[in-house]
Amino acid sequence: MDPTSAQEAALLEQCRHARYVWNLALEQWSMWTRDKGATPGYVEQARQLTEARAEAEWLRAGSQTVQQQALRDFDQAIRNFYAATHGRPTWRKAGLHEGFRIVGGQASRVVKLNRRWAKVNVPKVGWVRFRLSRAIPSAKSYRVTRDRMGRWHLAFAVIPEPIPAPGTGDAVGIDLGVRVSAALSTGELLSCPGLSAAELARLKQLQRGLGRCRRGSNRRRRKKDAVAKLHARAVDRRKDWVEKTSTELAGRFDVIRVEDLRITQLTRRPTPIPDPDRPGAYLPNGRRAKAGLNRAILANAWGMLVRRLEHKAAGRVEKVNPAYTSQTCSACGHRAPESRESQAVFRCVGCGRRAHADVNAAINIAAGRAVSARREMPRRASPKREPQLATST
């Protein structure tokens with residue numbers, strides 16, 4: 001979006017109203033105890049909002065649509081929380097959660113100016129220009145957001161159609177990693193782009209300078225804006241890579257098999273280890289090293305890639321148990337930890353096959369193979385062979 005200075009101030013005021021209403025509803029919901037009655041629902045909160053707008057002039061100056069929609073969004077967040085599909089609603093903070101949603105007939109007030117630009121009539125703000133990244137859809141709602149860099153975005157609530165399958169019957173396995181973001185069973189190695197070496201050095205310099213700034217000073221604000229700009233640049237590159245990669249994979253293969261990874265558990269901080277000799281003290285637990293690994297996992301956008309594949313290749317994405325896929329030979333099926341010589345080299349101790357470790361794991365994932373109780377892949381046997389008694393090894 002390309003708002004003027006006056007429009008940007010009005011948009012920020014709308015964001016403050018939506019954030020205030022959301023936090024007020026969250027406060028009411030958080031005050032519930034067993035000895036009290038039920039907390040107000042959306043209907044009661046909407047009535048209270050009408051009374052508050054009649055008393056507070058600053059709240060009445062905002063859009064009622066924006067404020068009521070914040071209550072509807074909170075009511076939906078509570079329903080999702082009790083349905084165990086989403087987490088607990090959290091507080092919205094200034095500078096971090098800047099945005100609001102417009103629904104109903106007001107969401108259709110969009111006019112296309114030319115091939116690149118259009119304008120939207122935001123309530124209490126006026127006509128705001130925005131750059132077209134795709135054709136304007138027929139949506140019943142849209143959301144206006146502002147990121148940490150101060151960029152405004154307009155998103156229409158429309159679910160795009162999935163990418164059709166090519167119909168070739170080809171399947172691909174994807175092994176997710178840190179050194180190689182995604183290794184395909186076809187032998188391709190894909191890496192998620194990030195900040196360059198010069199940008200990382202610049203980021204480190206800015207963060208050191210930020211630590212020396214006085215809180216509330218203009219210099220600290222400029223440093224924070226510069227740091228946010230670099231982080232936003234990395235996020236933009238990561239999202240661009242995910243979108244392009246997921247679109248290409250969804251259009252090339254009929255079946256896409258990925259590792260069923262629990263990223264939330266993988267990126268948890270290690271449990272503190274109390275020191276038995278010193279009460280109140282703790283033993284080293286590798287917290288800093290684990291924090292670096294967590295950052296590397298999140299920087300490779302594992303979850304975002306799988307999520308976008310499920311959107312674009314709906315019904316064609318299968319999740320495979322990742323256990324022992326990196327220790328099993330994709331040729332003979334022998335499994336041994338010693339076969340994984342290094343991060344990138346796999347040499348089977350059974351048949352001597354040598355391959356890239358990530359590609360070998362991706363081939364196992366593409367086959368959808370499961371590990372047997374004997375720690376080896378089930379061997380292919382003739383259907384005419386009589387069943388044999390299992391023997392211990």
# chains A, B, ... in the order shown; residues from 1 in each chain; ligands from 1
call {"tool": "select_by_dssp", "arguments": {"residues": "range 13-179 of chain A", "states": "alpha helix (DSSP H)", "output": "number ranges by chain"}}
result
A: 13-30, 42-55, 57-60, 64-82
call {"tool": "residues_around", "arguments": {"residues": "range 9-18 of chain A", "least_positions_apart": "2", "cutoff": "8 Å", "atoms": "only C-alpha atoms", "output": "list in words"}}
result
Ser5, Ala6, Gln7, Tyr20, Val21, Trp22, Leu59, Gly62, Ser63, Val66, Gln67, Ala70, Ala94, Glu98, Gly99, Phe100, Lys124 and Val125 of chain A
call {"tool": "write_last_selection", "arguments": {"atoms": "all heavy atoms", "output": "compact mmCIF listing (two decimals), in the first residue's frame"}}
result
# COMPACT_ATOMS: atom_id res chain seq x y z
N SER A 5 0.97 10.66 4.27
CA SER A 5 1.28 10.82 5.70
C SER A 5 0.01 10.91 6.54
O SER A 5 -0.09 10.30 7.62
CB SER A 5 2.14 12.07 5.89
OG SER A 5 3.35 11.96 5.17
N ALA A 6 -0.98 11.66 6.06
CA ALA A 6 -2.24 11.76 6.79
C ALA A 6 -2.98 10.43 6.82
O ALA A 6 -3.56 10.05 7.85
CB ALA A 6 -3.11 12.85 6.16
N GLN A 7 -2.97 9.70 5.70
CA GLN A 7 -3.63 8.41 5.67
C GLN A 7 -2.93 7.40 6.57
O GLN A 7 -3.57 6.57 7.22
CB GLN A 7 -3.70 7.89 4.24
CG GLN A 7 -4.65 8.66 3.34
CD GLN A 7 -4.59 8.18 1.90
OE1 GLN A 7 -3.64 7.52 1.49
NE2 GLN A 7 -5.62 8.51 1.13
N TYR A 20 -6.94 -2.14 20.99
CA TYR A 20 -7.53 -1.84 22.29
C TYR A 20 -8.76 -2.72 22.56
O TYR A 20 -8.91 -3.28 23.66
CB TYR A 20 -7.92 -0.35 22.35
CG TYR A 20 -8.73 0.04 23.56
CD1 TYR A 20 -8.13 0.23 24.79
CD2 TYR A 20 -10.11 0.18 23.45
CE1 TYR A 20 -8.88 0.58 25.90
CE2 TYR A 20 -10.87 0.53 24.56
CZ TYR A 20 -10.25 0.73 25.78
OH TYR A 20 -10.99 1.07 26.88
N VAL A 21 -9.62 -2.87 21.56
CA VAL A 21 -10.82 -3.68 21.73
C VAL A 21 -10.45 -5.15 21.94
O VAL A 21 -11.03 -5.85 22.77
CB VAL A 21 -11.74 -3.50 20.51
CG1 VAL A 21 -12.92 -4.47 20.57
CG2 VAL A 21 -12.28 -2.07 20.46
N TRP A 22 -9.48 -5.63 21.17
CA TRP A 22 -9.04 -7.03 21.33
C TRP A 22 -8.49 -7.26 22.73
O TRP A 22 -8.86 -8.24 23.40
CB TRP A 22 -7.98 -7.35 20.28
CG TRP A 22 -7.31 -8.67 20.47
CD1 TRP A 22 -6.32 -8.98 21.35
CD2 TRP A 22 -7.56 -9.88 19.74
NE1 TRP A 22 -5.94 -10.28 21.24
CE2 TRP A 22 -6.68 -10.86 20.25
CE3 TRP A 22 -8.41 -10.22 18.71
CZ2 TRP A 22 -6.65 -12.16 19.76
CZ3 TRP A 22 -8.38 -11.52 18.22
CH2 TRP A 22 -7.52 -12.47 18.74
N LEU A 59 -12.89 6.89 20.88
CA LEU A 59 -13.28 5.60 20.34
C LEU A 59 -14.37 5.78 19.29
O LEU A 59 -14.42 5.04 18.29
CB LEU A 59 -13.78 4.70 21.47
CG LEU A 59 -13.91 3.20 21.17
CD1 LEU A 59 -12.56 2.62 20.79
CD2 LEU A 59 -14.47 2.48 22.38
N GLY A 62 -13.35 6.42 15.61
CA GLY A 62 -12.90 5.31 14.77
C GLY A 62 -14.05 4.62 14.07
O GLY A 62 -15.23 4.95 14.26
N SER A 63 -13.72 3.63 13.26
CA SER A 63 -14.72 2.88 12.50
C SER A 63 -15.34 1.80 13.37
O SER A 63 -14.64 1.00 14.00
CB SER A 63 -14.08 2.25 11.27
OG SER A 63 -14.97 1.38 10.62
N VAL A 66 -14.42 -1.74 12.12
CA VAL A 66 -13.12 -2.24 12.56
C VAL A 66 -13.19 -2.76 13.99
O VAL A 66 -12.66 -3.83 14.31
CB VAL A 66 -12.06 -1.13 12.43
CG1 VAL A 66 -10.75 -1.54 13.07
CG2 VAL A 66 -11.84 -0.78 10.96
N GLN A 67 -13.85 -2.03 14.86
CA GLN A 67 -13.90 -2.42 16.27
C GLN A 67 -14.77 -3.65 16.49
O GLN A 67 -14.40 -4.55 17.26
CB GLN A 67 -14.42 -1.23 17.09
CG GLN A 67 -13.51 -0.02 17.01
CD GLN A 67 -14.18 1.24 17.50
OE1 GLN A 67 -15.21 1.19 18.16
NE2 GLN A 67 -13.60 2.39 17.19
N ALA A 70 -12.90 -6.72 15.36
CA ALA A 70 -11.91 -7.18 16.34
C ALA A 70 -12.56 -8.08 17.36
O ALA A 70 -11.97 -9.09 17.79
CB ALA A 70 -11.25 -5.97 17.01
N ALA A 94 1.73 -2.85 20.53
CA ALA A 94 1.98 -1.78 19.57
C ALA A 94 3.31 -2.01 18.88
O ALA A 94 4.30 -2.39 19.52
CB ALA A 94 1.97 -0.43 20.27
N GLU A 98 0.05 -4.72 14.27
CA GLU A 98 -0.59 -3.54 13.68
C GLU A 98 -1.44 -4.00 12.50
O GLU A 98 -0.90 -4.43 11.47
CB GLU A 98 0.46 -2.53 13.21
CG GLU A 98 1.39 -2.02 14.31
CD GLU A 98 0.70 -1.02 15.23
OE1 GLU A 98 -0.49 -0.74 15.03
OE2 GLU A 98 1.35 -0.52 16.15
N GLY A 99 -2.75 -3.94 12.64
CA GLY A 99 -3.61 -4.36 11.55
C GLY A 99 -5.06 -4.39 11.97
O GLY A 99 -5.40 -4.36 13.16
N PHE A 100 -5.93 -4.47 11.00
CA PHE A 100 -7.37 -4.58 11.24
C PHE A 100 -8.00 -5.19 10.00
O PHE A 100 -7.37 -5.29 8.94
CB PHE A 100 -7.99 -3.21 11.56
CG PHE A 100 -7.78 -2.17 10.50
CD1 PHE A 100 -8.67 -2.01 9.44
CD2 PHE A 100 -6.66 -1.34 10.54
CE1 PHE A 100 -8.47 -1.05 8.47
CE2 PHE A 100 -6.45 -0.38 9.56
CZ PHE A 100 -7.36 -0.24 8.53
N LYS A 124 -13.10 5.60 7.36
CA LYS A 124 -12.50 6.65 8.19
C LYS A 124 -11.10 7.06 7.70
O LYS A 124 -10.42 7.84 8.36
CB LYS A 124 -12.41 6.22 9.66
CG LYS A 124 -13.74 5.90 10.30
CD LYS A 124 -14.58 7.14 10.48
CE LYS A 124 -15.87 6.81 11.23
NZ LYS A 124 -16.68 8.02 11.48
N VAL A 125 -10.66 6.52 6.57
CA VAL A 125 -9.33 6.86 6.04
C VAL A 125 -9.46 7.48 4.65
O VAL A 125 -8.83 8.49 4.35
CB VAL A 125 -8.41 5.61 5.99
CG1 VAL A 125 -7.05 5.98 5.39
CG2 VAL A 125 -8.23 5.03 7.38
call {"tool": "residues_around", "arguments": {"residues": "range 356-368 of chain A", "least_positions_apart": "5", "cutoff": "8 Å", "atoms": "only C-alpha atoms", "output": "VMD selection string"}}
result
chain A and resid 171 to 175 177 180 183 to 188 256 to 259 320 322 325 to 330 340 342 to 346
call {"tool": "atom_distance", "arguments": {"atom1": "CA of Gly126 in chain A", "atom2": "CA of Lys93 in chain A"}}
result
25.4 Å
call {"tool": "residues_around", "arguments": {"residues": "Arg262 in chain A", "least_positions_apart": "5", "cutoff": "12 Å", "atoms": "only C-alpha atoms", "output": "list in words"}}
result
Thr267, Arg268, Ile297, Trp302, Gly303, Val306, Lys319, Asn321 and Pro322 of chain A
call {"tool": "atom_distance", "arguments": {"atom1": "CA of Val349 in chain A", "atom2": "CA of Ala336 in chain A"}}
result
7.4 Å
call {"tool": "residues_around", "arguments": {"residues": "Leu309 in chain A", "least_positions_apart": "2", "cutoff": "8 Å", "atoms": "only C-alpha atoms", "output": "PyMOL selection string"}}
result
chain A and resi 246-247+249-250+305-307+311-314+317
call {"tool": "residues_around", "arguments": {"residues": "Leu266 in chain A", "least_positions_apart": "3", "cutoff": "12 Å", "atoms": "only C-alpha atoms", "output": "VMD selection string"}}
result
chain A and resid 260 to 263 269 to 270 290 to 291 293 to 298 302 to 303
call {"tool": "residues_around", "arguments": {"residues": "Ala226 in chain A", "least_positions_apart": "3", "cutoff": "10 Å", "atoms": "only C-alpha atoms", "output": "CSV table (one decimal) with N, CA, C and O atoms, in the first residue's frame"}}
result
chain,number,residue,atom,x,y,z
A,149,MET,N,8.9,-2.9,9.5
A,149,MET,CA,9.6,-1.9,8.6
A,149,MET,C,8.8,-0.7,8.3
A,149,MET,O,9.3,0.3,7.7
A,202,ARG,N,26.8,-6.4,9.0
A,202,ARG,CA,26.1,-5.1,9.3
A,202,ARG,C,25.1,-5.3,10.4
A,202,ARG,O,24.9,-4.5,11.3
A,203,LEU,N,24.4,-6.4,10.4
A,203,LEU,CA,23.4,-6.7,11.5
A,203,LEU,C,24.1,-6.8,12.8
A,203,LEU,O,23.6,-6.3,13.8
A,206,LEU,N,25.0,-3.4,14.0
A,206,LEU,CA,23.8,-2.6,14.5
A,206,LEU,C,23.3,-3.1,15.8
A,206,LEU,O,22.9,-2.3,16.7
A,207,GLN,N,23.3,-4.4,16.0
A,207,GLN,CA,22.8,-5.0,17.3
A,207,GLN,C,23.8,-4.6,18.5
A,207,GLN,O,23.3,-4.3,19.6
A,210,LEU,N,22.9,-1.0,19.2
A,210,LEU,CA,21.6,-0.9,19.8
A,210,LEU,C,21.7,-1.1,21.3
A,210,LEU,O,21.0,-0.5,22.1
A,220,ARG,N,18.3,5.2,19.4
A,220,ARG,CA,17.9,3.8,19.5
A,220,ARG,C,16.8,3.5,18.6
A,220,ARG,O,16.7,2.4,18.0
A,221,ARG,N,15.9,4.4,18.3
A,221,ARG,CA,14.8,4.2,17.4
A,221,ARG,C,15.3,4.0,16.0
A,221,ARG,O,14.9,3.1,15.2
A,222,ARG,N,16.3,4.8,15.5
A,222,ARG,CA,16.9,4.6,14.2
A,222,ARG,C,17.6,3.2,14.1
A,222,ARG,O,17.6,2.6,13.1
A,223,LYS,N,18.3,2.8,15.2
A,223,LYS,CA,19.0,1.5,15.2
A,223,LYS,C,18.0,0.4,15.1
A,223,LYS,O,18.2,-0.6,14.3
A,229,LYS,N,14.8,-3.6,9.3
A,229,LYS,CA,14.9,-3.6,7.9
A,229,LYS,C,15.7,-4.9,7.4
A,229,LYS,O,15.3,-5.5,6.4
A,230,LEU,N,16.8,-5.2,8.1
A,230,LEU,CA,17.5,-6.4,7.7
A,230,LEU,C,16.8,-7.7,7.9
A,230,LEU,O,16.8,-8.6,7.1
A,231,HIS,N,16.1,-7.7,9.1
A,231,HIS,CA,15.3,-8.9,9.4
A,231,HIS,C,14.2,-9.1,8.4
A,231,HIS,O,13.9,-10.2,7.9
A,232,ALA,N,13.5,-8.0,8.0
A,232,ALA,CA,12.4,-8.1,7.0
A,232,ALA,C,13.0,-8.5,5.6
A,232,ALA,O,12.3,-9.2,4.9
call {"tool": "closest_atom_pairs", "arguments": {"of": "range 59-143 of chain A", "to": "range 33-51 of chain A", "cutoff": "7 Å", "atoms": "only C-alpha atoms", "output": "tab-separated table"}}
result
residue	atom	partner	partner_atom	distance
A:Gln68	CA	A:Ala46	CA	6.6
A:Leu71	CA	A:Tyr42	CA	6.4
A:Arg72	CA	A:Tyr42	CA	6.7
A:Asp75	CA	A:Tyr42	CA	6.3
